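*Asks:* One structure coming up, written as structure tokens, with questions to follow.
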Amino acid sequence: MTKKALITGLTGQDGSYLAELLLDKGYHVAGMVRRSSTVNFERIAHIQDAIEIVQGDLLDEASLTDVVRRVRPDEVYNLAAQSFVQTSWQQAVLTGETTALGATRLLNAVRDVDPDIRFYQASSSEMFGKVQAVPQTESTPFYPRSPYGVAKLYGHWITVNYRESYNLHASSGILFNHESPRRGLEFVTRKITHHVARIKHGLINELRLGDLHPQRDWGFAGDYVEGMWLMLQQEQPDDYVLSTEETHTVEEFCEIAFGAAGLDWREYVVQDERFMRPAEVDLLIGDASKAKAKLGWTPKTSFRELVEMMVDSDLALIERQQRAQA
């Protein structure tokens, strides 16, 4: 029988890559979107006809129960969230409602409809925040430094709690930063590569950023969704760190991105205090040895390949836009 999967956050970066993966594996894929007249299907336009689109909202538990009851999925992947760290400072309550309590509502819906459904929770390396050990593993103490990190930590622990209390097959992926050409423009990585493309084409002449020294463990989102799927294929649920086990600074990202377009980043990057976080996370680097050993998962895309892929995509995007305006 064809397996069914329900993805919340379908139209986001991770949702689009996961939907592609599951379709390739022969799944019937249902993707949940909020009731809105302005849903952006750009990331899934090439596969939209192959996906069942269902309406639901992480703020409305009744709608989630209705979605799960109608789809009757074998697997649920909860990727939906208010996922931009910077915005979480301005919308702390909304971030908690969607990213933290939204996970609880969806777990309740799974438990009410069919406790045998396998559940994936998108946890985050931002939960480590002010890191207590380097590198970070599944057992490293958490110390979130933003409303987003705090909300993700609640979602993580409620998943563990429901797994242990109700015997659900519920797993959390503690994913370190994963990027792609489909990343939103508000995220620093995509902000950099998009600005590089616009500078290259003479549309702007500078890129304003906050702190250039934070270190991140950056991987390719297309690699990470395979890890999500592998977690739900295991006999026993568990939590796993997914990471590249490498760390790079924002400055390094700039250097490679501008270099990919034949530019010197130092001529264009301006530090701007407006983009500084109230509480910065200085160093994140994961230890994915458990995922490698138990899931057989390893990232395939190098840091340089990732950055150059994103720059190439944005250069092509600007070229298309200019042709369309000509």
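Chain lettering (A, B, ...) mirrors the order of the structure tokens, residue numbering begins at 1 for each chain separately, and ligand numbering begins at 1 in order of display.
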Excluding stretch 243-257 of chain A and its own-chain neighbours fewer than 6 positions away, which residues fall within 8 Å of it when counting only C-alpha atoms? Please give them as JSON, numbers by chain.
*Replies:* {"A": [135, 175, 176, 177, 189, 192, 193, 196, 211, 212, 213, 214, 215, 216, 217, 218, 219, 264, 265, 284, 285, 286, 287, 288, 298, 299, 304, 307, 308, 311]}
*Asks:* Using only C-alpha atoms, which residues sit within 6 Å of stretch 117-127 of chain A once same-chain residues fewer than 2 positions away are excluded, as an mmCIF file with N, CA, C and O atoms, in the first residue's frame?
*Replies:*
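Saved to out21.cif:
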```cif
data_model
loop_
_atom_site.group_PDB
_atom_site.id
_atom_site.type_symbol
_atom_site.label_atom_id
_atom_site.label_comp_id
_atom_site.auth_asym_id
_atom_site.auth_seq_id
_atom_site.Cartn_x
_atom_site.Cartn_y
_atom_site.Cartn_z
ATOM 1 N N ASP A 74 0.460 8.034 7.486
ATOM 2 C CA ASP A 74 1.322 7.115 8.222
ATOM 3 C C ASP A 74 2.393 7.889 8.982
ATOM 4 O O ASP A 74 2.864 7.455 10.030
ATOM 5 N N GLU A 75 2.767 9.053 8.412
ATOM 6 C CA GLU A 75 3.824 9.874 8.992
ATOM 7 C C GLU A 75 3.411 11.348 8.953
ATOM 8 O O GLU A 75 2.820 11.800 7.970
ATOM 9 N N VAL A 76 3.719 12.061 10.023
ATOM 10 C CA VAL A 76 3.481 13.503 10.092
ATOM 11 C C VAL A 76 4.814 14.188 10.343
ATOM 12 O O VAL A 76 5.554 13.820 11.257
ATOM 13 N N TYR A 77 5.122 15.176 9.514
ATOM 14 C CA TYR A 77 6.350 15.957 9.661
ATOM 15 C C TYR A 77 5.959 17.384 10.020
ATOM 16 O O TYR A 77 5.395 18.102 9.195
ATOM 17 N N ASN A 78 6.250 17.783 11.257
ATOM 18 C CA ASN A 78 5.874 19.121 11.697
ATOM 19 C C ASN A 78 7.025 20.100 11.450
ATOM 20 O O ASN A 78 7.914 20.275 12.285
ATOM 21 N N LEU A 79 6.984 20.750 10.295
ATOM 22 C CA LEU A 79 8.018 21.704 9.906
ATOM 23 C C LEU A 79 7.545 23.147 10.026
ATOM 24 O O LEU A 79 8.347 24.074 9.908
ATOM 25 N N ASP A 114 -5.041 8.757 15.631
ATOM 26 C CA ASP A 114 -4.378 7.463 15.473
ATOM 27 C C ASP A 114 -3.000 7.501 16.125
ATOM 28 O O ASP A 114 -2.046 8.010 15.530
ATOM 29 N N PRO A 115 -2.851 6.951 17.324
ATOM 30 C CA PRO A 115 -1.568 6.983 18.038
ATOM 31 C C PRO A 115 -0.453 6.210 17.335
ATOM 32 O O PRO A 115 0.715 6.320 17.739
ATOM 33 N N GLY A 129 21.910 27.585 21.973
ATOM 34 C CA GLY A 129 22.142 28.983 22.294
ATOM 35 C C GLY A 129 23.517 29.290 22.847
ATOM 36 O O GLY A 129 24.526 29.239 22.161
ATOM 37 N N PHE A 142 20.704 22.473 27.092
ATOM 38 C CA PHE A 142 20.185 23.553 26.264
ATOM 39 C C PHE A 142 20.249 24.890 27.009
ATOM 40 O O PHE A 142 20.113 24.940 28.238
ATOM 41 N N PRO A 144 18.801 28.309 25.334
ATOM 42 C CA PRO A 144 18.372 29.140 24.205
ATOM 43 C C PRO A 144 18.551 30.623 24.488
ATOM 44 O O PRO A 144 18.415 31.074 25.637
ATOM 45 N N GLY A 149 14.392 30.192 19.981
ATOM 46 C CA GLY A 149 15.066 29.048 20.598
ATOM 47 C C GLY A 149 14.283 28.489 21.767
ATOM 48 O O GLY A 149 14.192 27.265 21.947
ATOM 49 N N LYS A 152 11.260 26.598 20.349
ATOM 50 C CA LYS A 152 11.692 25.315 19.797
ATOM 51 C C LYS A 152 12.007 24.319 20.903
ATOM 52 O O LYS A 152 11.767 23.111 20.761
ATOM 53 N N LEU A 153 12.552 24.809 22.010
ATOM 54 C CA LEU A 153 12.877 23.923 23.124
ATOM 55 C C LEU A 153 11.604 23.344 23.743
ATOM 56 O O LEU A 153 11.557 22.162 24.089
ATOM 57 N N HIS A 156 10.402 20.707 21.430
ATOM 58 C CA HIS A 156 11.256 19.526 21.554
ATOM 59 C C HIS A 156 10.872 18.695 22.776
ATOM 60 O O HIS A 156 10.660 17.479 22.673
ATOM 61 N N HIS A 169 5.313 7.128 18.511
ATOM 62 C CA HIS A 169 6.560 7.073 17.741
ATOM 63 C C HIS A 169 6.841 8.504 17.293
ATOM 64 O O HIS A 169 6.564 8.912 16.170
ATOM 65 N N ALA A 170 7.405 9.285 18.222
ATOM 66 C CA ALA A 170 7.650 10.715 17.999
ATOM 67 C C ALA A 170 9.134 10.992 18.145
ATOM 68 O O ALA A 170 9.719 10.730 19.193
ATOM 69 N N SER A 171 9.735 11.512 17.088
ATOM 70 C CA SER A 171 11.171 11.794 17.070
ATOM 71 C C SER A 171 11.423 13.263 16.769
ATOM 72 O O SER A 171 10.640 13.909 16.066
ATOM 73 N N SER A 172 12.525 13.771 17.293
ATOM 74 C CA SER A 172 12.921 15.150 17.017
ATOM 75 C C SER A 172 14.258 15.176 16.296
ATOM 76 O O SER A 172 15.197 14.479 16.702
ATOM 77 N N GLY A 173 14.332 15.977 15.255
ATOM 78 C CA GLY A 173 15.595 16.220 14.569
ATOM 79 C C GLY A 173 16.148 17.555 15.016
ATOM 80 O O GLY A 173 15.529 18.594 14.779
ATOM 81 N N ILE A 174 17.292 17.526 15.701
ATOM 82 C CA ILE A 174 17.930 18.763 16.154
ATOM 83 C C ILE A 174 18.843 19.203 15.013
ATOM 84 O O ILE A 174 20.013 18.831 14.946
ATOM 85 N N LEU A 175 18.278 19.969 14.090
ATOM 86 C CA LEU A 175 18.985 20.329 12.870
ATOM 87 C C LEU A 175 19.788 21.606 13.051
ATOM 88 O O LEU A 175 19.267 22.615 13.544
ATOM 89 N N PHE A 176 21.037 21.536 12.674
ATOM 90 C CA PHE A 176 21.854 22.728 12.620
ATOM 91 C C PHE A 176 21.537 23.476 11.326
ATOM 92 O O PHE A 176 20.795 22.981 10.477
#
```
*Asks:* Can you check which residues of stretch 215-320 of chain A DSSP gives as helix (DSSP H, G or I) on the backbone and send them as a PyMOL selection string?
*Replies:* chain A and resi 221-231+250-260+265-267+273-275+289-295+303-320
*Asks:* Quick one: residues within 8 Å of A:Ala103, only C-alpha atoms, excluding same-chain residues fewer than 3 positions away - as number ranges by chain?
*Replies:* A: 58, 78, 98-100, 106-107, 121, 155, 158-159
*Asks:* Using only C-alpha atoms, find the one residue out of A:Leu306, A:Ala81, A:Leu207, A:Val54 that sits nearest to A:Gly12.
*Replies:*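 The answer is A:Ala81, which sits nearest to A:Gly12.
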*Asks:* Determine, counting only C-alpha atoms, which protein, DNA and RNA residues have an atom within 10 Å of an atom of A:Ser313; residues of the same chain fewer than 5 positions away are not included. Present the result as a list of chain:residue names.
*Replies:*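 The residues that qualify are A:Ser180, A:Pro181, A:Arg182, A:Thr193, A:His194, A:Ala197, A:Val307, A:Glu308, A:Ile318, A:Glu319.
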*Asks:* Atom CA of A:Arg105 to atom CA of A:Asp66: how many Å, to one decimal?
*Replies:* 11.9 Å
*Asks:* If I take atom CA of A:His46 and atom CA of A:Gly15, how far is one from the other in Å, to one decimal?
*Replies:*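 We find that atom CA of A:His46 and atom CA of A:Gly15 lie 13.4 Å from each other.
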*Asks:* Considering only C-alpha atoms, return as a list in words whatever protein or nucleic-acid residues lie within 9 Å of A:Gly31, sequence-local ones (same chain, fewer than 5 positions apart) excluded.
*Replies:*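 My reading of the contact set: Ala5, Leu6, Ile7, Thr8, Gly9, Leu10, Thr11, Gly15, Ala19, Ile51, Glu52, Ile53, Val54 and Gln55 of chain A.
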*Asks:* Closest to A:Ala291 among A:Tyr224, A:Trp157, A:Phe258, A:Tyr143, using only C-alpha atoms?
*Replies:*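 Nearest to A:Ala291: A:Tyr224.
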*Asks:* Work out how far atom CA of A:Gly210 is from atom CA of A:Val134, in Å to one decimal.
*Replies:*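 Atom-to-atom, atom CA of A:Val134 and atom CA of A:Gly210 are spaced 23.9 Å apart.
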*Asks:* Please return as a VMD selection string: the residues of stretch 83-169 of chain A that backbone DSSP assigns to strand (DSSP E).
*Replies:* chain A and resid 118 to 124
*Asks:* My list of candidates is A:Asp24, A:Asp112, A:Glu179, A:Asp238. Which is closest to A:Ser302 when distances are computed with only C-alpha atoms?
*Replies:* A:Glu179
*Asks:* Considering only C-alpha atoms, can you say which of A:Lys3, A:Phe128, A:Val39, A:Asp312 comes closest to A:Gly259?
*Replies:*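 Result for the nearest residue to A:Gly259: A:Asp312.
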*Asks:* Would you pick out the contacts of A:Arg183 at 10 Å or less, using only C-alpha atoms, so that residues sharing its chain but fewer than 4 positions from it are not included, and give the list as a ChimeraX atom specification?
*Replies:* /A:12-14,43,178-179,187-191,221,310
*Asks:* With distances taken over only C-alpha atoms, which of A:Leu295, A:Leu22, A:Ala62, A:Met309 is nearest to A:Gln233?
*Replies:* A:Leu295
